[in-house]
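Source file: run-v8.pdb; contents: PDB, C-alpha atoms, pLDDT in the B column.
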```
ATOM      1  CA  MET A 966      48.262 163.272 102.731  1.00 89.00           C
ATOM      2  CA  ASP A 967      49.532 162.539  99.276  1.00 92.00           C
ATOM      3  CA  GLN A 968      52.654 163.450  97.300  1.00 92.00           C
ATOM      4  CA  PHE A 969      51.260 166.908  96.436  1.00 92.00           C
ATOM      5  CA  ASP A 970      50.720 167.764 100.114  1.00 94.00           C
ATOM      6  CA  TRP A 971      54.292 166.716 100.851  1.00 92.00           C
ATOM      7  CA  LYS A 972      55.535 168.876  97.963  1.00 93.00           C
ATOM      8  CA  ILE A 973      53.558 171.854  99.275  1.00 94.00           C
ATOM      9  CA  ILE A 974      55.017 171.371 102.747  1.00 93.00           C
ATOM     10  CA  ALA A 975      58.558 171.031 101.380  1.00 90.00           C
ATOM     11  CA  HIS A 976      58.211 174.215  99.348  1.00 91.00           C
ATOM     12  CA  LEU A 977      56.682 176.207 102.217  1.00 92.00           C
ATOM     13  CA  ARG A 978      59.487 175.085 104.550  1.00 87.00           C
ATOM     14  CA  GLN A 979      61.936 176.692 102.144  1.00 86.00           C
ATOM     15  CA  ASN A 980      59.818 179.775 101.439  1.00 89.00           C
ATOM     16  CA  GLY A 981      56.888 180.385 103.758  1.00 90.00           C
ATOM     17  CA  ARG A 982      56.138 183.651 101.935  1.00 92.00           C
ATOM     18  CA  ALA A 983      55.599 181.985  98.561  1.00 93.00           C
ATOM     19  CA  SER A 984      52.514 183.233  96.738  1.00 95.00           C
ATOM     20  CA  TYR A 985      49.890 180.744  95.652  1.00 95.00           C
ATOM     21  CA  VAL A 986      50.980 181.375  92.060  1.00 96.00           C
ATOM     22  CA  GLU A 987      54.598 180.465  92.871  1.00 95.00           C
ATOM     23  CA  LEU A 988      53.571 177.531  95.048  1.00 95.00           C
ATOM     24  CA  SER A 989      51.184 176.113  92.446  1.00 95.00           C
ATOM     25  CA  GLN A 990      53.884 176.316  89.768  1.00 95.00           C
ATOM     26  CA  ALA A 991      56.420 174.622  92.043  1.00 94.00           C
ATOM     27  CA  VAL A 992      54.115 171.678  92.815  1.00 94.00           C
ATOM     28  CA  HIS A 993      52.509 171.504  89.349  1.00 94.00           C
ATOM     29  CA  MET A 994      48.857 172.087  90.174  1.00 94.00           C
ATOM     30  CA  SER A 995      46.297 174.829  89.671  1.00 95.00           C
ATOM     31  CA  GLU A 996      46.400 177.832  91.962  1.00 96.00           C
ATOM     32  CA  THR A 997      42.862 177.131  93.236  1.00 96.00           C
ATOM     33  CA  THR A 998      43.667 173.511  94.068  1.00 96.00           C
ATOM     34  CA  CYS A 999      46.921 174.533  95.707  1.00 96.00           C
ATOM     35  CA  GLN A1000      45.181 177.159  97.839  1.00 96.00           C
ATOM     36  CA  ARG A1001      42.521 174.637  98.892  1.00 97.00           C
ATOM     37  CA  ARG A1002      45.194 172.104  99.895  1.00 97.00           C
ATOM     38  CA  VAL A1003      47.149 174.680 101.911  1.00 97.00           C
ATOM     39  CA  ARG A1004      43.983 175.650 103.775  1.00 97.00           C
ATOM     40  CA  ALA A1005      43.243 171.967 104.456  1.00 97.00           C
ATOM     41  CA  LEU A1006      46.781 171.483 105.809  1.00 96.00           C
ATOM     42  CA  GLU A1007      46.301 174.536 108.046  1.00 96.00           C
ATOM     43  CA  ASP A1008      42.881 173.335 109.243  1.00 97.00           C
ATOM     44  CA  ALA A1009      44.324 169.902 110.034  1.00 97.00           C
ATOM     45  CA  GLY A1010      47.107 171.510 112.094  1.00 96.00           C
ATOM     46  CA  VAL A1011      49.858 170.178 109.820  1.00 95.00           C
ATOM     47  CA  ILE A1012      50.801 173.782 109.063  1.00 94.00           C
ATOM     48  CA  SER A1013      50.608 175.433 112.466  1.00 93.00           C
ATOM     49  CA  GLY A1014      51.783 178.907 111.503  1.00 91.00           C
ATOM     50  CA  TYR A1015      54.229 181.037 109.584  1.00 89.00           C
ATOM     51  CA  ALA A1016      57.202 182.927 110.991  1.00 84.00           C
ATOM     52  CA  ALA A1017      60.242 184.861 109.843  1.00 84.00           C
ATOM     53  CA  GLN A1018      63.651 183.358 110.576  1.00 85.00           C
ATOM     54  CA  ILE A1019      65.477 185.942 112.668  1.00 87.00           C
ATOM     55  CA  ASP A1020      69.248 186.233 112.966  1.00 90.00           C
ATOM     56  CA  GLU A1021      69.679 186.633 116.726  1.00 92.00           C
ATOM     57  CA  ARG A1022      73.185 188.076 116.304  1.00 92.00           C
ATOM     58  CA  ALA A1023      71.822 190.842 114.083  1.00 95.00           C
ATOM     59  CA  LEU A1024      69.586 191.829 117.016  1.00 95.00           C
ATOM     60  CA  GLY A1025      72.552 191.946 119.393  1.00 95.00           C
ATOM     61  CA  LEU A1026      71.787 188.576 120.977  1.00 96.00           C
ATOM     62  CA  SER A1027      75.238 187.113 120.429  1.00 94.00           C
ATOM     63  CA  LEU A1028      75.122 184.340 123.056  1.00 95.00           C
ATOM     64  CA  SER A1029      73.089 181.181 122.805  1.00 96.00           C
ATOM     65  CA  VAL A1030      73.046 179.435 126.168  1.00 97.00           C
ATOM     66  CA  PHE A1031      71.679 176.006 126.997  1.00 98.00           C
ATOM     67  CA  VAL A1032      70.355 175.768 130.538  1.00 98.00           C
ATOM     68  CA  THR A1033      69.183 172.679 132.380  1.00 98.00           C
ATOM     69  CA  VAL A1034      66.726 173.226 135.203  1.00 98.00           C
ATOM     70  CA  THR A1035      65.905 170.712 137.912  1.00 98.00           C
ATOM     71  CA  LEU A1036      62.845 171.332 140.048  1.00 98.00           C
ATOM     72  CA  ALA A1037      62.416 170.362 143.698  1.00 97.00           C
ATOM     73  CA  SER A1038      59.243 168.469 142.769  1.00 96.00           C
ATOM     74  CA  GLN A1039      57.992 166.835 139.595  1.00 95.00           C
ATOM     75  CA  ALA A1040      54.350 167.016 140.669  1.00 96.00           C
ATOM     76  CA  GLU A1041      52.010 168.253 137.951  1.00 97.00           C
ATOM     77  CA  ALA A1042      51.350 171.503 139.834  1.00 97.00           C
ATOM     78  CA  ALA A1043      55.092 172.218 140.100  1.00 97.00           C
ATOM     79  CA  LEU A1044      55.641 171.540 136.401  1.00 97.00           C
ATOM     80  CA  SER A1045      52.681 173.718 135.430  1.00 97.00           C
ATOM     81  CA  ALA A1046      53.833 176.576 137.671  1.00 97.00           C
ATOM     82  CA  PHE A1047      57.343 176.453 136.226  1.00 98.00           C
ATOM     83  CA  GLU A1048      56.056 176.354 132.650  1.00 98.00           C
ATOM     84  CA  ALA A1049      53.758 179.329 133.248  1.00 98.00           C
ATOM     85  CA  ALA A1050      56.646 181.323 134.755  1.00 98.00           C
ATOM     86  CA  ILE A1051      59.191 180.399 132.074  1.00 98.00           C
ATOM     87  CA  CYS A1052      56.800 181.447 129.297  1.00 97.00           C
ATOM     88  CA  GLU A1053      57.068 185.003 130.652  1.00 97.00           C
ATOM     89  CA  VAL A1054      60.882 185.130 130.344  1.00 97.00           C
ATOM     90  CA  LYS A1055      61.560 186.866 127.021  1.00 97.00           C
ATOM     91  CA  GLU A1056      65.135 185.580 126.807  1.00 97.00           C
ATOM     92  CA  VAL A1057      63.899 181.974 126.591  1.00 98.00           C
ATOM     93  CA  ALA A1058      63.992 181.012 122.913  1.00 96.00           C
ATOM     94  CA  GLU A1059      63.055 177.371 123.613  1.00 96.00           C
ATOM     95  CA  CYS A1060      61.929 175.309 126.586  1.00 98.00           C
ATOM     96  CA  HIS A1061      61.657 171.515 126.580  1.00 98.00           C
ATOM     97  CA  LEU A1062      60.392 169.124 129.262  1.00 98.00           C
ATOM     98  CA  MET A1063      63.055 166.421 129.421  1.00 98.00           C
ATOM     99  CA  THR A1064      63.728 162.911 130.607  1.00 96.00           C
ATOM    100  CA  GLY A1065      66.968 162.130 132.393  1.00 94.00           C
ATOM    101  CA  GLY A1066      68.870 164.147 134.977  1.00 93.00           C
ATOM    102  CA  ALA A1067      67.201 167.542 134.525  1.00 97.00           C
ATOM    103  CA  ASP A1068      63.542 168.413 134.198  1.00 98.00           C
ATOM    104  CA  TYR A1069      63.847 171.154 131.554  1.00 98.00           C
ATOM    105  CA  LEU A1070      66.254 172.210 128.867  1.00 98.00           C
ATOM    106  CA  LEU A1071      66.126 175.885 127.910  1.00 98.00           C
ATOM    107  CA  ARG A1072      67.847 177.802 125.151  1.00 97.00           C
ATOM    108  CA  LEU A1073      68.408 181.416 126.039  1.00 97.00           C
ATOM    109  CA  ALA A1074      69.253 184.169 123.573  1.00 97.00           C
ATOM    110  CA  VAL A1075      71.162 186.877 125.455  1.00 97.00           C
ATOM    111  CA  ARG A1076      73.429 189.829 124.614  1.00 97.00           C
ATOM    112  CA  ASP A1077      76.508 188.845 126.590  1.00 96.00           C
ATOM    113  CA  VAL A1078      77.758 187.190 129.784  1.00 96.00           C
ATOM    114  CA  ASP A1079      76.478 190.083 131.900  1.00 97.00           C
ATOM    115  CA  ASP A1080      73.024 189.618 130.410  1.00 97.00           C
ATOM    116  CA  LEU A1081      73.235 185.877 131.120  1.00 97.00           C
ATOM    117  CA  GLU A1082      74.218 186.574 134.718  1.00 97.00           C
ATOM    118  CA  ARG A1083      71.221 188.907 135.086  1.00 97.00           C
ATOM    119  CA  VAL A1084      68.778 186.329 133.697  1.00 98.00           C
ATOM    120  CA  HIS A1085      70.321 183.586 135.845  1.00 97.00           C
ATOM    121  CA  SER A1086      70.420 185.446 139.150  1.00 96.00           C
ATOM    122  CA  LYS A1087      67.441 187.782 138.857  1.00 97.00           C
ATOM    123  CA  VAL A1088      65.001 185.613 136.905  1.00 97.00           C
ATOM    124  CA  LEU A1089      65.648 181.864 136.740  1.00 98.00           C
ATOM    125  CA  THR A1090      66.764 181.344 140.342  1.00 96.00           C
ATOM    126  CA  ARG A1091      63.715 183.256 141.566  1.00 97.00           C
ATOM    127  CA  ILE A1092      61.169 180.986 139.927  1.00 97.00           C
ATOM    128  CA  PRO A1093      59.517 179.011 142.747  1.00 94.00           C
ATOM    129  CA  GLY A1094      60.477 175.349 142.844  1.00 96.00           C
ATOM    130  CA  VAL A1095      63.788 175.672 140.970  1.00 97.00           C
ATOM    131  CA  GLU A1096      66.341 173.517 142.744  1.00 97.00           C
ATOM    132  CA  ARG A1097      69.328 173.467 140.374  1.00 97.00           C
ATOM    133  CA  ILE A1098      70.434 175.312 137.238  1.00 98.00           C
ATOM    134  CA  SER A1099      73.347 174.452 134.965  1.00 97.00           C
ATOM    135  CA  SER A1100      74.397 176.512 131.938  1.00 97.00           C
ATOM    136  CA  SER A1101      76.505 175.797 128.866  1.00 97.00           C
ATOM    137  CA  LEU A1102      77.490 178.442 126.329  1.00 96.00           C
ATOM    138  CA  ALA A1103      77.244 177.551 122.668  1.00 95.00           C
ATOM    139  CA  MET A1104      80.476 178.565 120.940  1.00 94.00           C
ATOM    140  CA  ARG A1105      79.056 178.237 117.432  1.00 91.00           C
ATOM    141  CA  THR A1106      75.877 176.939 115.837  1.00 89.00           C
ATOM    142  CA  VAL A1107      76.816 174.224 113.371  1.00 93.00           C
ATOM    143  CA  VAL A1108      73.335 173.198 112.188  1.00 89.00           C
ATOM    144  CA  ARG A1109      69.962 174.910 112.652  1.00 84.00           C
ATOM    145  CA  ARG A1110      67.215 173.486 110.524  1.00 77.00           C
ATOM    146  CA  THR A1111      63.675 174.621 110.093  1.00 73.00           C
ATOM    147  CA  ALA A1112      62.856 171.693 107.834  1.00 70.00           C
ATOM    148  CA  LEU A1113      61.824 168.343 109.239  1.00 69.00           C
ATOM    149  CA  PRO A1114      63.247 165.082 107.862  1.00 71.00           C
ATOM    150  CA  VAL A1115      60.080 164.015 106.049  1.00 67.00           C
TER
END
```
Using structure tokens, write down the structure from this file.
Amino acid sequence: MDQFDWKIIAHLRQNGRASYVELSQAVHMSETTCQRRVRALEDAGVISGYAAQIDERALGLSLSVFVTVTLASQAEAALSAFEAAICEVKEVAECHLMTGGADYLLRLAVRDVDDLERVHSKVLTRIPGVERISSSLAMRTVVRRTALPV
């Protein structure tokens, strides 16, 4: 990757819907060259996809909840089973395998405390192998970045 690739990435992080005309002007190269470089970045997996940034509150999902999950076993089969099950829970915005005291850190996007209680008692606690769950409500999001520090 050279400085032009980094410029393309920086511009697309700010505006993933930029046309090739706009992108080529922003990074000072021809549209054809710019398009070829974007395709190469996609083929290399550097650009893994494009998505709209959604305001969860505008959709009625006013609570962001961080949940730690500890499993009864850390065997590969137990981790795989949990991961397959958690991928089916639509309220899970993020799921991370962790080091430390808990096995997973989840971020849930839910409507309200009643919705959280439903997800906790009817979904998360019923996933086989879950031993302990701890939740923390986010009062306010201070920083949410889509750009990486590169």
At a cut-off of 12 Å, using all atoms listed in the file, what residues contact range 1002-1012 of chain A? Leave out same-chain residues fewer than 5 positions from it and give the result as a ChimeraX atom specification. /A:966-978,981,983-985,988-989,992,994-997
Taking the file as shown, what set of residues would the PyMOL selection byres ((chain A and resi 1029) around 8) give back, as a list in words? Leu1026, Ser1027, Leu1028, Val1030, Phe1031, Arg1072, Leu1073, Ala1074, Val1075, Leu1102 and Ala1103 of chain A
Evaluate the PyMOL selection byres ((chain A and resi 1036) around 10) here and jot the selected residues down as number ranges by chain. A: 1034-1035, 1037-1040, 1043-1044, 1047, 1067-1069, 1092-1098
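For the pair CA of Leu1081 in chain A and CA of Ser1099 in chain A, the separation is 12.1 Å.
Distance annotation: of A:Glu987, A:Met1063, A:Glu1053, A:Gln979, the residue with the minimal separation from Ala1016 in chain A is A:Gln979; atom set is only C-alpha atoms.
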To one decimal place in Å, what is the distance between CA of Gly1025 in chain A and CA of Ala1050 in chain A? 24.5 Å
Around all the atoms of range 1034-1039 of chain A listed in the file, draw an axis-aligned box and extend it by 3 Å on each of the six sides; I want its centre and edge lengths in Å to one decimal, as lines of an AutoDock Vina configuration file.
```
center_x = 62.4
center_y = 170.0
center_z = 139.5
size_x = 14.7
size_y = 12.4
size_z = 14.5
```
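Distance annotation: of A:Ala1017, A:Ala991, A:Leu1071, A:Val986, the residue with the minimal separation from His1085 in chain A is A:Leu1071; atom set is only C-alpha atoms.
Note that the spacing between CA of Leu1062 in chain A and CA of Ser1045 in chain A amounts to 10.9 Å.
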Go through A:Val1084, A:Ile1019, A:Leu1024, A:Val1078 and flag the residue nearest Val1054 in chain A, using only C-alpha atoms for the distances. A:Val1084
Kindly indicate which residue among A:Thr1090, A:Thr1106, A:Gln1018, A:Gln1000 lies nearest to Ile1051 in chain A, using only C-alpha atoms for the distances. A:Thr1090
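Using all atoms listed in the file, the nearest neighbour of Glu1021 in chain A within the list A:His993, A:Arg1076, A:Lys1055, A:His1061 is A:Arg1076.
Of the listed residues A:Ala1112, A:Leu1070, A:Val1032, A:Met1104, the one whose atoms come nearest to Asn980 in chain A is A:Ala1112, with distances taken using only C-alpha atoms.
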Save range 1012-1035 of chain A from what I just supplied, as a PDB file, in the first residue's frame, atoms limited to N, CA and C atoms.
```pdb
ATOM      1  N   ILE A1012     -10.596  -3.406   2.236  1.00  0.00           N
ATOM      2  CA  ILE A1012     -11.970  -2.903   2.304  1.00  0.00           C
ATOM      3  C   ILE A1012     -12.858  -4.138   2.321  1.00  0.00           C
ATOM      4  N   SER A1013     -13.499  -4.382   3.452  1.00  0.00           N
ATOM      5  CA  SER A1013     -14.269  -5.616   3.604  1.00  0.00           C
ATOM      6  C   SER A1013     -15.752  -5.436   3.323  1.00  0.00           C
ATOM      7  N   GLY A1014     -16.196  -4.202   3.151  1.00  0.00           N
ATOM      8  CA  GLY A1014     -17.604  -3.969   2.862  1.00  0.00           C
ATOM      9  C   GLY A1014     -17.956  -2.513   3.076  1.00  0.00           C
ATOM     10  N   TYR A1015     -19.201  -2.211   2.796  1.00  0.00           N
ATOM     11  CA  TYR A1015     -19.717  -0.850   2.946  1.00  0.00           C
ATOM     12  C   TYR A1015     -21.026  -0.946   3.722  1.00  0.00           C
ATOM     13  N   ALA A1016     -21.247   0.003   4.626  1.00  0.00           N
ATOM     14  CA  ALA A1016     -22.474  -0.030   5.418  1.00  0.00           C
ATOM     15  C   ALA A1016     -22.885   1.388   5.789  1.00  0.00           C
ATOM     16  N   ALA A1017     -24.180   1.562   5.990  1.00  0.00           N
ATOM     17  CA  ALA A1017     -24.706   2.840   6.458  1.00  0.00           C
ATOM     18  C   ALA A1017     -24.529   2.916   7.975  1.00  0.00           C
ATOM     19  N   GLN A1018     -24.232   4.094   8.482  1.00  0.00           N
ATOM     20  CA  GLN A1018     -24.183   4.297   9.924  1.00  0.00           C
ATOM     21  C   GLN A1018     -25.609   4.599  10.382  1.00  0.00           C
ATOM     22  N   ILE A1019     -26.123   3.804  11.275  1.00  0.00           N
ATOM     23  CA  ILE A1019     -27.508   3.905  11.708  1.00  0.00           C
ATOM     24  C   ILE A1019     -27.564   4.485  13.116  1.00  0.00           C
ATOM     25  N   ASP A1020     -28.433   5.449  13.313  1.00  0.00           N
ATOM     26  CA  ASP A1020     -28.667   6.012  14.642  1.00  0.00           C
ATOM     27  C   ASP A1020     -29.656   5.095  15.359  1.00  0.00           C
ATOM     28  N   GLU A1021     -29.154   4.321  16.311  1.00  0.00           N
ATOM     29  CA  GLU A1021     -29.997   3.344  17.009  1.00  0.00           C
ATOM     30  C   GLU A1021     -31.165   4.010  17.716  1.00  0.00           C
ATOM     31  N   ARG A1022     -30.949   5.192  18.279  1.00  0.00           N
ATOM     32  CA  ARG A1022     -32.029   5.909  18.971  1.00  0.00           C
ATOM     33  C   ARG A1022     -33.167   6.258  18.024  1.00  0.00           C
ATOM     34  N   ALA A1023     -32.823   6.607  16.787  1.00  0.00           N
ATOM     35  CA  ALA A1023     -33.854   6.944  15.802  1.00  0.00           C
ATOM     36  C   ALA A1023     -34.727   5.737  15.480  1.00  0.00           C
ATOM     37  N   LEU A1024     -34.211   4.538  15.706  1.00  0.00           N
ATOM     38  CA  LEU A1024     -34.976   3.308  15.493  1.00  0.00           C
ATOM     39  C   LEU A1024     -35.697   2.852  16.754  1.00  0.00           C
ATOM     40  N   GLY A1025     -35.611   3.644  17.815  1.00  0.00           N
ATOM     41  CA  GLY A1025     -36.269   3.277  19.068  1.00  0.00           C
ATOM     42  C   GLY A1025     -35.428   2.402  19.970  1.00  0.00           C
ATOM     43  N   LEU A1026     -34.168   2.222  19.626  1.00  0.00           N
ATOM     44  CA  LEU A1026     -33.265   1.400  20.448  1.00  0.00           C
ATOM     45  C   LEU A1026     -32.455   2.343  21.324  1.00  0.00           C
ATOM     46  N   SER A1027     -33.082   2.818  22.399  1.00  0.00           N
ATOM     47  CA  SER A1027     -32.497   3.890  23.197  1.00  0.00           C
ATOM     48  C   SER A1027     -31.480   3.425  24.233  1.00  0.00           C
ATOM     49  N   LEU A1028     -31.406   2.119  24.492  1.00  0.00           N
ATOM     50  CA  LEU A1028     -30.437   1.622  25.482  1.00  0.00           C
ATOM     51  C   LEU A1028     -29.322   0.840  24.812  1.00  0.00           C
ATOM     52  N   SER A1029     -28.105   1.178  25.174  1.00  0.00           N
ATOM     53  CA  SER A1029     -26.941   0.415  24.780  1.00  0.00           C
ATOM     54  C   SER A1029     -26.438  -0.255  26.054  1.00  0.00           C
ATOM     55  N   VAL A1030     -26.371  -1.567  26.025  1.00  0.00           N
ATOM     56  CA  VAL A1030     -26.041  -2.337  27.225  1.00  0.00           C
ATOM     57  C   VAL A1030     -24.820  -3.208  26.946  1.00  0.00           C
ATOM     58  N   PHE A1031     -23.858  -3.143  27.836  1.00  0.00           N
ATOM     59  CA  PHE A1031     -22.679  -3.996  27.732  1.00  0.00           C
ATOM     60  C   PHE A1031     -22.871  -5.182  28.665  1.00  0.00           C
ATOM     61  N   VAL A1032     -22.698  -6.373  28.114  1.00  0.00           N
ATOM     62  CA  VAL A1032     -22.973  -7.605  28.843  1.00  0.00           C
ATOM     63  C   VAL A1032     -21.737  -8.488  28.790  1.00  0.00           C
ATOM     64  N   THR A1033     -21.273  -8.926  29.948  1.00  0.00           N
ATOM     65  CA  THR A1033     -20.206  -9.922  29.975  1.00  0.00           C
ATOM     66  C   THR A1033     -20.846 -11.286  30.194  1.00  0.00           C
ATOM     67  N   VAL A1034     -20.321 -12.262  29.494  1.00  0.00           N
ATOM     68  CA  VAL A1034     -20.837 -13.630  29.572  1.00  0.00           C
ATOM     69  C   VAL A1034     -19.677 -14.554  29.901  1.00  0.00           C
ATOM     70  N   THR A1035     -19.863 -15.361  30.920  1.00  0.00           N
ATOM     71  CA  THR A1035     -18.889 -16.384  31.291  1.00  0.00           C
ATOM     72  C   THR A1035     -19.527 -17.739  31.027  1.00  0.00           C
TER      73      THR A1035
END
```
